[in-house]
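Just data35.cif here, mmCIF, C-alpha atoms:
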```cif
data_model
loop_
_atom_site.label_atom_id
_atom_site.label_comp_id
_atom_site.auth_asym_id
_atom_site.auth_seq_id
_atom_site.Cartn_x
_atom_site.Cartn_y
_atom_site.Cartn_z
CA ALA T 1 30.98 95.54 146.88
CA GLY T 2 29.51 92.66 148.87
CA VAL T 3 30.00 90.29 145.94
CA GLN T 4 33.58 91.49 145.49
CA PHE T 5 34.26 90.95 149.20
CA ILE T 6 33.05 87.34 149.03
CA SER T 7 34.92 86.78 145.76
CA TYR T 8 38.28 87.96 147.10
CA LEU T 9 37.77 86.08 150.35
CA THR T 10 36.99 82.90 148.42
CA LEU T 11 40.01 83.36 146.15
CA ALA T 12 42.31 83.88 149.14
CA ALA T 13 40.97 80.76 150.86
CA ALA T 14 41.16 78.69 147.67
CA SER T 15 44.75 79.74 146.94
CA TYR T 16 45.71 78.64 150.47
CA ALA T 17 43.82 75.36 150.63
CA LEU T 18 44.17 74.42 146.93
CA PRO T 19 47.54 75.74 145.69
CA ARG T 20 46.99 74.20 142.24
CA PHE T 21 44.11 76.63 141.89
CA THR T 22 46.71 79.38 141.39
CA ARG T 23 47.82 77.72 138.16
CA SER T 24 44.45 76.49 136.91
CA LEU T 25 42.59 79.82 137.07
CA SER T 26 41.91 80.60 133.40
CA PRO T 27 41.98 84.05 131.76
CA LEU T 28 39.53 82.82 129.11
CA ALA T 29 37.00 81.58 131.68
CA CYS T 30 37.14 84.84 133.64
CA SER T 31 36.80 86.93 130.47
CA ILE T 32 33.82 84.90 129.26
CA GLY T 33 32.27 85.28 132.71
CA CYS T 34 32.67 89.06 132.59
CA MET T 35 31.08 89.25 129.15
CA ALA T 36 28.25 86.93 130.24
CA GLY T 37 27.52 89.17 133.22
CA ALA T 38 27.58 92.24 130.98
CA ALA T 39 25.21 90.52 128.56
CA MET T 40 22.79 89.83 131.41
CA LEU T 41 22.86 93.49 132.42
CA LEU T 42 22.23 94.52 128.83
CA LEU T 43 19.35 92.09 128.41
CA SER T 44 17.74 93.35 131.61
CA GLU T 45 16.90 96.57 129.75
CA TYR T 46 14.88 94.67 127.13
CA PHE T 47 13.20 91.93 129.18
CA LYS T 48 11.32 93.86 131.82
CA SER T 49 9.55 90.77 133.13
CA ALA T 50 12.90 89.28 134.18
CA PHE T 51 14.58 92.58 134.99
CA TRP T 52 15.60 91.86 138.57
CA VAL T 53 16.79 88.33 137.83
CA LEU T 54 18.97 89.49 134.94
CA PHE T 55 20.11 92.68 136.65
CA LEU T 56 21.13 91.12 139.96
CA GLY T 57 22.55 88.06 138.20
CA GLY T 58 24.61 90.29 135.91
CA ILE T 59 26.02 92.28 138.83
CA ILE T 60 26.96 89.13 140.74
CA VAL T 61 28.53 87.34 137.76
CA THR T 62 30.43 90.43 136.58
CA ASN T 63 31.90 91.18 140.01
CA ILE T 64 32.95 87.58 140.59
CA PHE T 65 34.85 87.24 137.34
CA CYS T 66 36.30 90.77 137.49
CA ALA T 67 37.86 89.79 140.81
CA GLY T 68 39.27 86.74 139.05
CA LEU T 69 40.80 88.89 136.30
CA ASN T 70 42.40 91.17 138.88
CA ALA T 71 43.90 88.13 140.63
CA LEU T 72 45.22 86.80 137.31
CA TRP T 73 47.00 90.06 136.54
CA GLN T 74 48.51 89.95 140.01
CA ARG T 75 49.79 86.46 139.20
CA VAL T 76 51.53 87.88 136.13
CA PHE T 77 53.03 90.87 137.95
CA SER T 78 54.34 88.75 140.82
CA SER T 79 56.14 86.43 138.40
CA GLU T 80 58.11 89.28 136.83
CA ARG T 81 61.54 90.38 137.95
CA ALA T 82 62.11 93.41 140.14
CA GLY T 83 61.89 96.60 138.10
CA MET T 84 59.77 95.14 135.32
CA CYS T 85 56.92 94.43 137.74
CA GLU T 86 56.77 98.01 139.03
CA THR T 87 57.06 99.46 135.54
CA ASN T 88 54.20 97.34 134.20
CA ILE T 89 51.87 98.15 137.09
CA ILE T 90 52.51 101.90 136.90
CA GLY T 91 52.37 101.87 133.11
CA GLY T 92 49.17 99.81 133.24
CA THR T 93 47.60 102.43 135.51
CA ALA T 94 48.50 105.13 133.01
CA LEU T 95 47.12 103.10 130.09
CA ALA T 96 43.91 102.41 132.02
CA THR T 97 43.29 106.12 132.43
CA LEU T 98 43.87 106.65 128.71
CA GLY T 99 41.40 103.84 128.03
CA PHE T 100 38.90 105.58 130.32
CA PHE T 101 39.12 108.76 128.25
CA ALA T 102 38.98 106.77 125.01
CA VAL T 103 35.68 105.22 126.06
CA ALA T 104 34.39 108.66 127.09
CA LEU T 105 34.76 109.84 123.47
CA PHE T 106 31.94 107.53 122.40
CA PRO T 107 28.23 108.21 122.98
CA SER T 108 27.02 107.18 126.42
CA SER T 109 24.66 104.61 124.90
CA THR T 110 27.58 102.62 123.44
CA ARG T 111 30.13 102.93 126.24
CA PHE T 112 28.91 99.91 128.16
CA ILE T 113 28.93 97.70 125.06
CA LEU T 114 32.39 98.95 124.09
CA ALA T 115 33.84 98.29 127.54
CA ALA T 116 32.28 94.84 127.90
CA PHE T 117 32.67 93.41 124.42
CA VAL T 118 35.79 95.19 123.11
CA PHE T 119 38.01 95.99 126.06
CA VAL T 120 37.40 92.70 127.89
CA PRO T 121 38.46 90.56 124.87
CA VAL T 122 41.53 92.78 124.40
CA ASN T 123 42.29 92.34 128.09
CA TRP T 124 41.98 88.56 127.65
CA LEU T 125 44.41 88.51 124.73
CA LEU T 126 47.02 90.47 126.69
CA LEU T 127 46.49 88.42 129.83
CA ALA T 128 46.66 85.10 127.98
CA ARG T 129 49.87 86.10 126.22
CA THR T 130 51.63 87.26 129.37
CA SER T 131 50.35 84.31 131.43
CA ALA T 132 51.84 81.87 128.92
CA SER T 133 55.35 83.14 129.79
CA ILE T 134 55.01 82.53 133.53
CA ASP T 135 57.55 80.10 134.97
CA TYR T 136 55.54 78.06 137.47
CA SER T 137 58.69 76.52 138.92
CA GLN T 138 59.30 79.72 140.87
CA PRO T 139 58.99 79.34 144.66
CA LEU T 140 55.88 81.49 144.90
CA PHE T 141 54.01 79.04 142.62
CA ALA T 142 55.62 75.80 143.81
CA ASP T 143 54.94 76.59 147.48
CA LEU T 144 52.41 74.52 149.45
CA PRO T 145 50.85 77.00 151.90
CA ARG T 146 49.62 74.40 154.39
CA ASP T 147 53.20 73.09 154.75
CA HIS T 148 54.39 76.59 155.70
CA HIS T 149 51.60 77.76 157.96
CA GLN T 150 53.82 80.08 160.00
CA VAL T 151 55.00 81.95 156.91
CA TYR T 152 51.42 82.69 155.86
CA ALA T 153 50.43 83.57 159.43
CA SER T 154 53.32 86.05 159.41
CA ALA T 155 52.10 87.45 156.10
CA ARG T 156 48.64 88.00 157.55
CA ARG T 157 50.06 89.70 160.65
CA ASN T 158 52.33 91.96 158.64
CA PHE T 159 49.94 92.98 155.89
CA TRP T 160 46.61 93.57 157.61
CA ARG T 161 47.84 96.97 158.80
CA VAL T 162 49.11 97.83 155.33
CA ALA T 163 45.76 96.85 153.83
CA LEU T 164 43.96 98.85 156.52
CA CYS T 165 45.94 101.98 155.55
CA VAL T 166 44.64 101.67 152.00
CA GLY T 167 41.25 100.59 153.37
CA CYS T 168 40.91 104.00 155.02
CA PHE T 169 40.73 105.57 151.56
CA THR T 170 38.17 103.01 150.39
CA PHE T 171 36.20 103.65 153.60
CA ILE T 172 36.08 107.40 152.95
CA SER T 173 35.14 106.68 149.34
CA GLY T 174 32.24 104.57 150.57
CA VAL T 175 31.09 107.46 152.76
CA VAL T 176 31.52 110.25 150.20
CA ARG T 177 30.67 108.55 146.90
CA PRO T 178 26.90 108.20 147.55
CA LEU T 179 26.78 111.87 148.54
CA THR T 180 28.44 112.99 145.31
CA LEU T 181 26.12 110.79 143.24
CA SER T 182 23.05 112.32 144.89
CA SER T 183 24.24 115.92 144.47
CA ALA T 184 23.34 118.25 141.63
CA PHE T 185 26.88 118.41 140.25
CA ASP T 186 28.04 116.44 137.24
CA THR T 187 29.84 113.34 138.59
CA SER T 188 31.60 112.82 135.27
CA LEU T 189 33.67 115.95 136.01
CA VAL T 190 34.81 114.41 139.30
CA ASN T 191 35.75 111.16 137.57
CA ASN T 192 37.58 112.93 134.74
CA LEU T 193 39.65 115.10 137.07
CA ALA T 194 40.50 112.12 139.26
CA MET T 195 41.63 110.13 136.20
CA ILE T 196 43.77 113.06 135.03
CA GLY T 197 45.38 113.12 138.46
CA SER T 198 46.02 109.37 138.30
CA LEU T 199 47.65 109.71 134.89
CA ALA T 200 49.83 112.58 136.10
CA ALA T 201 50.89 110.63 139.21
CA ALA T 202 51.78 107.53 137.17
CA ILE T 203 53.86 109.60 134.74
CA ALA T 204 55.57 111.33 137.67
CA LEU T 205 56.52 107.97 139.20
CA LEU T 206 57.94 106.76 135.89
CA LEU T 207 59.96 109.96 135.46
CA LEU T 208 61.26 109.71 139.02
CA ARG T 209 62.32 106.11 138.47
CA SER T 210 64.22 107.17 135.36
CA ARG T 211 66.46 109.24 137.62
CA ARG T 212 66.84 107.28 140.86
CA SER T 213 65.70 104.42 143.07
CA PHE T 214 63.49 105.28 146.02
CA GLN T 215 61.25 103.80 148.71
CA PHE T 216 57.69 104.55 149.78
CA ASP T 217 56.29 103.73 153.23
CA VAL T 218 52.53 103.18 153.24
CA THR T 219 52.04 103.55 157.00
CA ILE T 220 54.03 106.79 157.17
CA ALA T 221 51.98 108.13 154.24
CA PHE T 222 48.77 107.26 156.07
CA ARG T 223 49.90 108.96 159.29
CA THR T 224 50.92 112.03 157.27
CA LEU T 225 47.61 112.24 155.42
CA PHE T 226 45.41 111.42 158.43
CA PRO T 227 45.01 115.05 159.65
CA LEU T 228 44.11 116.13 156.12
CA MET T 229 41.57 113.31 155.72
CA ALA T 230 39.97 114.04 159.10
CA THR T 231 39.79 117.77 158.36
CA GLY T 232 38.39 117.09 154.90
CA ILE T 233 35.58 114.96 156.31
CA LEU T 234 34.80 117.50 159.03
CA LEU T 235 34.45 120.33 156.51
CA ILE T 236 31.75 118.42 154.60
CA ALA T 237 29.24 119.52 157.23
CA PHE T 238 30.15 123.22 156.91
CA MET T 239 31.14 123.82 153.29
CA PRO T 240 28.87 124.28 150.23
CA SER T 241 28.14 121.47 147.80
CA TRP T 242 31.06 122.25 145.47
CA TYR T 243 33.44 121.28 148.27
CA LEU T 244 31.89 117.82 148.43
CA GLN T 245 32.67 117.34 144.74
CA ALA T 246 36.27 118.51 145.16
CA PHE T 247 36.79 116.30 148.20
CA GLY T 248 35.22 113.35 146.40
CA MET T 249 37.63 113.86 143.49
CA ALA T 250 40.62 113.91 145.86
CA VAL T 251 39.46 110.76 147.63
CA HIS T 252 38.91 108.96 144.33
CA LEU T 253 42.41 109.94 143.20
CA LEU T 254 44.03 108.78 146.45
CA GLU T 255 42.07 105.54 146.37
CA THR T 256 43.29 104.79 142.84
CA LEU T 257 46.92 105.52 143.69
CA ALA T 258 46.76 103.56 146.95
CA THR T 259 45.35 100.56 145.10
CA MET T 260 48.21 100.75 142.60
CA LEU T 261 50.76 100.91 145.43
CA ILE T 262 49.38 97.91 147.32
CA THR T 263 49.34 95.93 144.07
CA ILE T 264 53.06 96.62 143.72
CA GLN T 265 53.66 95.83 147.38
CA CYS T 266 51.86 92.49 147.27
CA ALA T 267 53.72 91.51 144.10
CA GLN T 268 57.08 92.35 145.68
CA ALA T 269 56.31 90.45 148.88
CA SER T 270 55.11 87.38 146.98
CA ARG T 271 58.12 87.35 144.69
CA ASP T 272 60.76 88.01 147.35
CA ASN T 273 59.36 85.64 149.98
CA GLY T 274 57.84 82.83 147.93
CA VAL T 275 54.26 83.49 149.09
CA ASN T 276 51.34 82.56 146.86
CA PRO T 277 50.52 85.78 144.93
CA LEU T 278 46.78 85.19 144.83
CA PHE T 279 46.63 84.65 148.58
CA LEU T 280 48.40 87.85 149.59
CA PHE T 281 46.70 90.06 147.00
CA CYS T 282 43.19 88.72 147.65
CA TYR T 283 43.75 88.90 151.41
CA CYS T 284 44.54 92.62 151.17
CA CYS T 285 41.68 93.22 148.71
CA THR T 286 39.26 91.55 151.12
CA ILE T 287 40.18 94.10 153.81
CA MET T 288 40.03 97.03 151.39
CA VAL T 289 36.65 96.09 149.95
CA GLY T 290 35.36 95.34 153.45
CA MET T 291 36.26 98.88 154.54
CA ASN T 292 34.41 100.26 151.52
CA ILE T 293 31.34 98.29 152.58
CA VAL T 294 31.59 99.78 156.08
CA GLY T 295 31.68 103.28 154.57
CA VAL T 296 28.65 102.63 152.35
CA PHE T 297 26.77 101.16 155.32
CA ALA T 298 27.56 104.21 157.44
CA ASN T 299 26.16 106.46 154.70
CA TRP T 300 23.02 104.33 154.38
CA LEU T 301 22.52 104.27 158.16
CA CYS T 302 22.53 108.06 158.43
CA TYR T 303 20.01 108.44 155.59
CA SER T 304 17.87 105.37 156.19
CA GLY T 305 15.19 107.04 158.30
CA LEU T 306 15.46 104.32 160.93
CA PRO T 307 14.04 105.27 164.34
CA MET T 308 16.54 106.01 167.12
CA VAL T 309 19.26 106.68 164.53
CA PRO T 310 20.33 110.33 164.00
CA GLN T 311 19.88 111.31 160.38
CA GLY T 312 21.69 113.75 158.10
CA ILE T 313 25.17 114.89 157.20
CA SER T 314 26.31 115.82 160.71
CA PRO T 315 25.82 112.34 162.23
CA LEU T 316 27.49 110.85 159.15
CA VAL T 317 30.54 113.10 159.61
CA GLU T 318 30.73 112.19 163.30
CA LEU T 319 30.48 108.48 162.53
CA ALA T 320 33.14 108.72 159.81
CA LEU T 321 35.54 110.63 162.08
CA TRP T 322 35.03 108.10 164.87
CA SER T 323 35.75 105.25 162.47
CA LEU T 324 38.92 106.96 161.22
CA ALA T 325 40.04 107.51 164.81
CA ILE T 326 39.64 103.80 165.55
CA MET T 327 41.70 102.93 162.46
CA PHE T 328 44.41 105.39 163.48
CA TYR T 329 44.50 103.81 166.93
CA LEU T 330 45.01 100.37 165.41
CA LEU T 331 47.84 101.76 163.28
CA ARG T 332 49.34 103.99 165.99
CA ARG T 333 52.59 102.08 166.25
CA ARG T 334 54.95 100.83 163.61
CA HIS T 335 54.42 97.10 163.70
CA GLU T 336 57.39 94.90 164.47
CA ASN T 337 58.57 92.62 161.71
CA ASP T 338 59.48 89.05 162.56
CA GLY T 339 62.10 88.89 159.84
CA LEU T 340 60.18 86.83 157.29
CA PHE T 341 59.38 89.89 155.20
CA MET T 342 62.53 91.93 155.70
CA ASP T 343 64.38 93.23 152.65
CA ARG T 344 67.55 95.21 153.21
CA GLY T 345 66.33 96.34 156.61
CA SER T 346 62.87 97.35 155.41
CA HIS T 347 59.57 96.17 156.81
CA ALA T 348 56.31 95.07 155.25
CA SER T 349 54.93 98.57 154.64
CA ILE T 350 57.88 99.74 152.51
CA ILE T 351 57.62 99.59 148.72
CA GLU T 352 60.83 99.49 146.69
CA PHE T 353 60.98 101.44 143.42
CA PRO T 354 64.24 100.54 141.66
CA SER T 355 65.44 102.92 139.00
CA PHE T 356 65.35 101.86 135.37
CA ALA T 357 69.14 101.63 135.33
CA ALA T 358 69.21 99.38 138.40
CA SER T 359 66.41 97.14 137.12
CA LYS T 360 68.35 96.43 133.92
CA ILE T 361 71.25 94.92 135.87
CA PRO T 362 70.25 91.39 136.94
CA ASP T 363 72.09 89.75 139.78
CA ALA T 364 73.86 86.40 139.49
CA HIS T 365 70.71 84.45 140.23
CA GLU T 366 68.50 86.41 137.84
CA SER T 367 70.98 86.17 135.00
CA SER T 368 70.37 82.42 134.77
CA GLN T 369 66.60 82.70 134.96
CA PRO T 370 63.95 83.73 132.42
CA LEU T 371 62.83 87.34 132.57
CA SER T 372 59.45 86.38 133.97
CA GLU T 373 60.99 85.13 137.19
CA GLY T 374 61.52 87.17 140.32
#
```
Can you give me the file's structure in the form of structure tokens?
Amino acid sequence: AGVQFISYLTLAAASYALPRFTRSLSPLACSIGCMAGAAMLLLSEYFKSAFWVLFLGGIIVTNIFCAGLNALWQRVFSSERAGMCETNIIGGTALATLGFFAVALFPSSTRFILAAFVFVPVNWLLLARTSASIDYSQPLFADLPRDHHQVYASARRNFWRVALCVGCFTFISGVVRPLTLSSAFDTSLVNNLAMIGSLAAAIALLLLRSRRSFQFDVTIAFRTLFPLMATGILLIAFMPSWYLQAFGMAVHLLETLATMLITIQCAQASRDNGVNPLFLFCYCCTIMVGMNIVGVFANWLCYSGLPMVPQGISPLVELALWSLAIMFYLLRRRHENDGLFMDRGSHASIIEFPSFAASKIPDAHESSQPLSEG
């Protein structure tokens, strides 16, 4: 998580200071980097004398280039027109869950090799093909961020709260995930049920869009779910171990769905307001991954055995609830929009989901543009 945090922070800074970087980032280079990192992890099992060098190097390299691949997909989604973007992100989430179950059909000894050296090249082929159709004359790619400092300052002000809403789920995941891994229950069951839930939610969104257009407010969703999240964390200290597994599954599901939603939201904001897609997406990911690090650190602190630090599940629950309360305080009011990110009266935390029928009707501007444009 620390490597991912630095990677997203670096990508956000580079996309702001070096706007040509948005165009030059290569799908092939990122894919080769991911496979190189996976190869280092694989070799660490056979060369025990260099285990730590290969193992740590593989983790660092893999996380860096995986962040790059995520940013490249965001570049593709942001370049697509309204309707197509949302469909591809939701459909991609559904396909990813199917890919997860496809890998699970193979023996555990071959899953890592299959994911690294089969799925990554397939991902590169799809990414390279879709990236080739991007029209870089669109405002979001032609923009020079340093010439529009106030626009990007407004983006940071408007989206840090949105990212923090999603970051609350990644924070809870960082607190709960180590506990589920150390328990006696089979963690694969938790992952499988969470993936089934993700697939069902993606299908439900697609079916709903086939009937009507709708909106989704991230901050309202967070305020609605906050009592449930706080109660769920509190019950960890009183309930048996099976509850921890069930709660971990629910958190994993919500984290996956929230990540999908903020991907859509960042793509819409970049397309509609001409903001560099890598900057906005990596900025939000930096906050989300940072919150996950805080959750993991809180778990480690309460089980580290350090003197003067209360140890065990009860102090961890208290620390997690205090952290959630601070986040809720920061998000207590609906932030005021300065107009730079307003769309039909909405504010930055609202996600638009146009129906399939509406997305097939381009407006006068879109009718003269390629389909990849927003």
Could you name the residues that touch region 298-311 of chain T at 9 Å or less, counting only C-alpha atoms, but leaving out those on the same chain fewer than 4 positions away, as a ChimeraX atom specification?
/T:174-176,178-179,293-294,315-316,319-320
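Residue membership of the PyMOL selection byres ((chain T and resi 63-65) around 9) in the shown file amounts to T:Ala1, T:Val3, T:Gln4, T:Ile6, T:Ser7, T:Tyr8, T:Ala29, T:Cys30, T:Ser31, T:Ile32, T:Gly33, T:Cys34, T:Gly37, T:Gly58, T:Ile59, T:Ile60, T:Val61, T:Thr62, T:Cys66, T:Ala67, T:Gly68, T:Leu69, T:Asn70.
Once Leu43 (chain T) and its same-chain neighbours fewer than 5 positions away are set aside, Ala36, Gly37, Ala38, Lys48, Ser49, Ala50, Phe51, Trp52, Val53, Leu54, Phe55, Leu56, Gly57, Gly58 and Ile113 of chain T remain within 12 Å of it when counting all atoms listed in the file.
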Any chance you could work out the residue set of the PyMOL selection byres ((chain T and resi 121-130) around 12) here, as a PyMOL selection string?
chain T and resi 25-35+66+68-80+88+92+95-96+99+113-120+131-135+371-372
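Atom pair CA of Thr224 (chain T) / CA of Met260 (chain T) has a distance of 18.7 Å (rounded to one decimal).
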For the structure provided, state which residues fall under the PyMOL selection byres ((chain T and resi 241) around 10), and present them as number ranges by chain.
T: 179-180, 183-185, 236-240, 242-246
Nearest residue to Cys285 (chain T) out of T:Ile233, T:Leu164, T:Leu330, T:Ile350, using only C-alpha atoms?
T:Leu164
Distance CA of Ile313 (chain T)-CA of Ile326 (chain T), one decimal place?
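Spanning CA of Ile313 (chain T) to CA of Ile326 (chain T) is a straight-line distance of 20.1 Å.
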For the atom pair CA of Met229 (chain T) and CA of Gly167 (chain T), what is the interatomic distance in Å to one decimal place?
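According to the coordinates, CA of Met229 (chain T) and CA of Gly167 (chain T) are separated by 12.9 Å.
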Please build the interface table for region 242-278 of chain T against region 140-159 of chain T with a cut-off of 6 Å, listing for each qualifying residue the nearest atom pair and the distance in Å to one decimal; count all atoms listed in the file, order rows by chain and increasing number, and write it as CSV.
```
residue,atom,partner,partner_atom,distance
T:Gly274,CA,T:Leu140,CA,3.8
T:Val275,CA,T:Leu140,CA,4.9
T:Asn276,CA,T:Leu140,CA,5.1
```
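Closest approach to Pro277 (chain T) among T:Val296, T:Thr263, T:Thr10, T:Ala39: T:Thr263, based on all atoms listed in the file.
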Using all atoms listed in the file for the distances, tell me which of T:Cys266, T:Ile172, T:Val218, T:Leu278 is nearest to Val317 (chain T).
T:Ile172
My list of candidates is T:Leu234, T:Leu42, T:Ile196, T:Thr97. Which is closest to Arg111 (chain T) when distances are computed with only C-alpha atoms?
T:Leu42
Which one is closest to Arg223 (chain T): T:Cys168, T:Ser198, T:Phe21, T:Phe47? Count all atoms listed in the file.
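Looking only at the distances to Arg223 (chain T), the closest residue turns out to be T:Cys168.
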For Tyr136 (chain T), which residue out of T:Glu45, T:Ser24, T:Ile351, T:Val162 is the nearest one, using only C-alpha atoms?
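Counting only C-alpha atoms, the residue closest to Tyr136 (chain T) is T:Ser24.
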Coords for region 135-153 of chain T, N, CA and C atoms, as a PDB file, in the first residue's frame:
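Saved as part_11.pdb:
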```
ATOM      1  N   ASP T 135      -8.854  10.451 -28.866  1.00  0.00           N
ATOM      2  CA  ASP T 135      -8.644  11.722 -29.561  1.00  0.00           C
ATOM      3  C   ASP T 135      -7.988  12.696 -28.583  1.00  0.00           C
ATOM      4  N   TYR T 136      -6.690  12.914 -28.740  1.00  0.00           N
ATOM      5  CA  TYR T 136      -5.952  13.750 -27.800  1.00  0.00           C
ATOM      6  C   TYR T 136      -6.165  15.240 -28.027  1.00  0.00           C
ATOM      7  N   SER T 137      -7.018  15.599 -28.977  1.00  0.00           N
ATOM      8  CA  SER T 137      -7.360  17.007 -29.150  1.00  0.00           C
ATOM      9  C   SER T 137      -8.472  17.448 -28.211  1.00  0.00           C
ATOM     10  N   GLN T 138      -9.035  16.522 -27.460  1.00  0.00           N
ATOM     11  CA  GLN T 138     -10.066  16.878 -26.495  1.00  0.00           C
ATOM     12  C   GLN T 138      -9.493  17.813 -25.436  1.00  0.00           C
ATOM     13  N   PRO T 139     -10.331  18.671 -24.853  1.00  0.00           N
ATOM     14  CA  PRO T 139      -9.829  19.638 -23.869  1.00  0.00           C
ATOM     15  C   PRO T 139      -9.119  19.016 -22.674  1.00  0.00           C
ATOM     16  N   LEU T 140      -9.579  17.862 -22.219  1.00  0.00           N
ATOM     17  CA  LEU T 140      -8.968  17.262 -21.041  1.00  0.00           C
ATOM     18  C   LEU T 140      -7.533  16.804 -21.303  1.00  0.00           C
ATOM     19  N   PHE T 141      -7.174  16.562 -22.575  1.00  0.00           N
ATOM     20  CA  PHE T 141      -5.804  16.185 -22.916  1.00  0.00           C
ATOM     21  C   PHE T 141      -4.983  17.375 -23.389  1.00  0.00           C
ATOM     22  N   ALA T 142      -5.636  18.362 -24.003  1.00  0.00           N
ATOM     23  CA  ALA T 142      -4.919  19.528 -24.509  1.00  0.00           C
ATOM     24  C   ALA T 142      -4.654  20.557 -23.419  1.00  0.00           C
ATOM     25  N   ASP T 143      -5.292  20.394 -22.259  1.00  0.00           N
ATOM     26  CA  ASP T 143      -5.175  21.388 -21.190  1.00  0.00           C
ATOM     27  C   ASP T 143      -3.763  21.418 -20.604  1.00  0.00           C
ATOM     28  N   LEU T 144      -3.311  22.632 -20.257  1.00  0.00           N
ATOM     29  CA  LEU T 144      -2.043  22.835 -19.551  1.00  0.00           C
ATOM     30  C   LEU T 144      -2.373  23.201 -18.113  1.00  0.00           C
ATOM     31  N   PRO T 145      -2.236  22.273 -17.175  1.00  0.00           N
ATOM     32  CA  PRO T 145      -2.700  22.511 -15.798  1.00  0.00           C
ATOM     33  C   PRO T 145      -2.104  23.758 -15.150  1.00  0.00           C
ATOM     34  N   ARG T 146      -0.822  24.028 -15.386  1.00  0.00           N
ATOM     35  CA  ARG T 146      -0.210  25.180 -14.723  1.00  0.00           C
ATOM     36  C   ARG T 146      -0.750  26.500 -15.247  1.00  0.00           C
ATOM     37  N   ASP T 147      -1.390  26.498 -16.427  1.00  0.00           N
ATOM     38  CA  ASP T 147      -2.014  27.718 -16.943  1.00  0.00           C
ATOM     39  C   ASP T 147      -3.418  27.912 -16.384  1.00  0.00           C
ATOM     40  N   HIS T 148      -3.952  26.895 -15.722  1.00  0.00           N
ATOM     41  CA  HIS T 148      -5.297  26.977 -15.138  1.00  0.00           C
ATOM     42  C   HIS T 148      -5.232  26.488 -13.693  1.00  0.00           C
ATOM     43  N   HIS T 149      -4.395  27.152 -12.929  1.00  0.00           N
ATOM     44  CA  HIS T 149      -4.151  26.716 -11.548  1.00  0.00           C
ATOM     45  C   HIS T 149      -5.428  26.733 -10.723  1.00  0.00           C
ATOM     46  N   GLN T 150      -6.276  27.736 -10.903  1.00  0.00           N
ATOM     47  CA  GLN T 150      -7.481  27.845 -10.089  1.00  0.00           C
ATOM     48  C   GLN T 150      -8.459  26.707 -10.359  1.00  0.00           C
ATOM     49  N   VAL T 151      -8.514  26.253 -11.605  1.00  0.00           N
ATOM     50  CA  VAL T 151      -9.397  25.132 -11.930  1.00  0.00           C
ATOM     51  C   VAL T 151      -8.960  23.877 -11.183  1.00  0.00           C
ATOM     52  N   TYR T 152      -7.669  23.617 -11.147  1.00  0.00           N
ATOM     53  CA  TYR T 152      -7.171  22.414 -10.474  1.00  0.00           C
ATOM     54  C   TYR T 152      -7.228  22.561  -8.959  1.00  0.00           C
ATOM     55  N   ALA T 153      -7.068  23.796  -8.461  1.00  0.00           N
ATOM     56  CA  ALA T 153      -7.257  24.025  -7.029  1.00  0.00           C
ATOM     57  C   ALA T 153      -8.710  23.767  -6.642  1.00  0.00           C
TER      58      ALA T 153
END
```
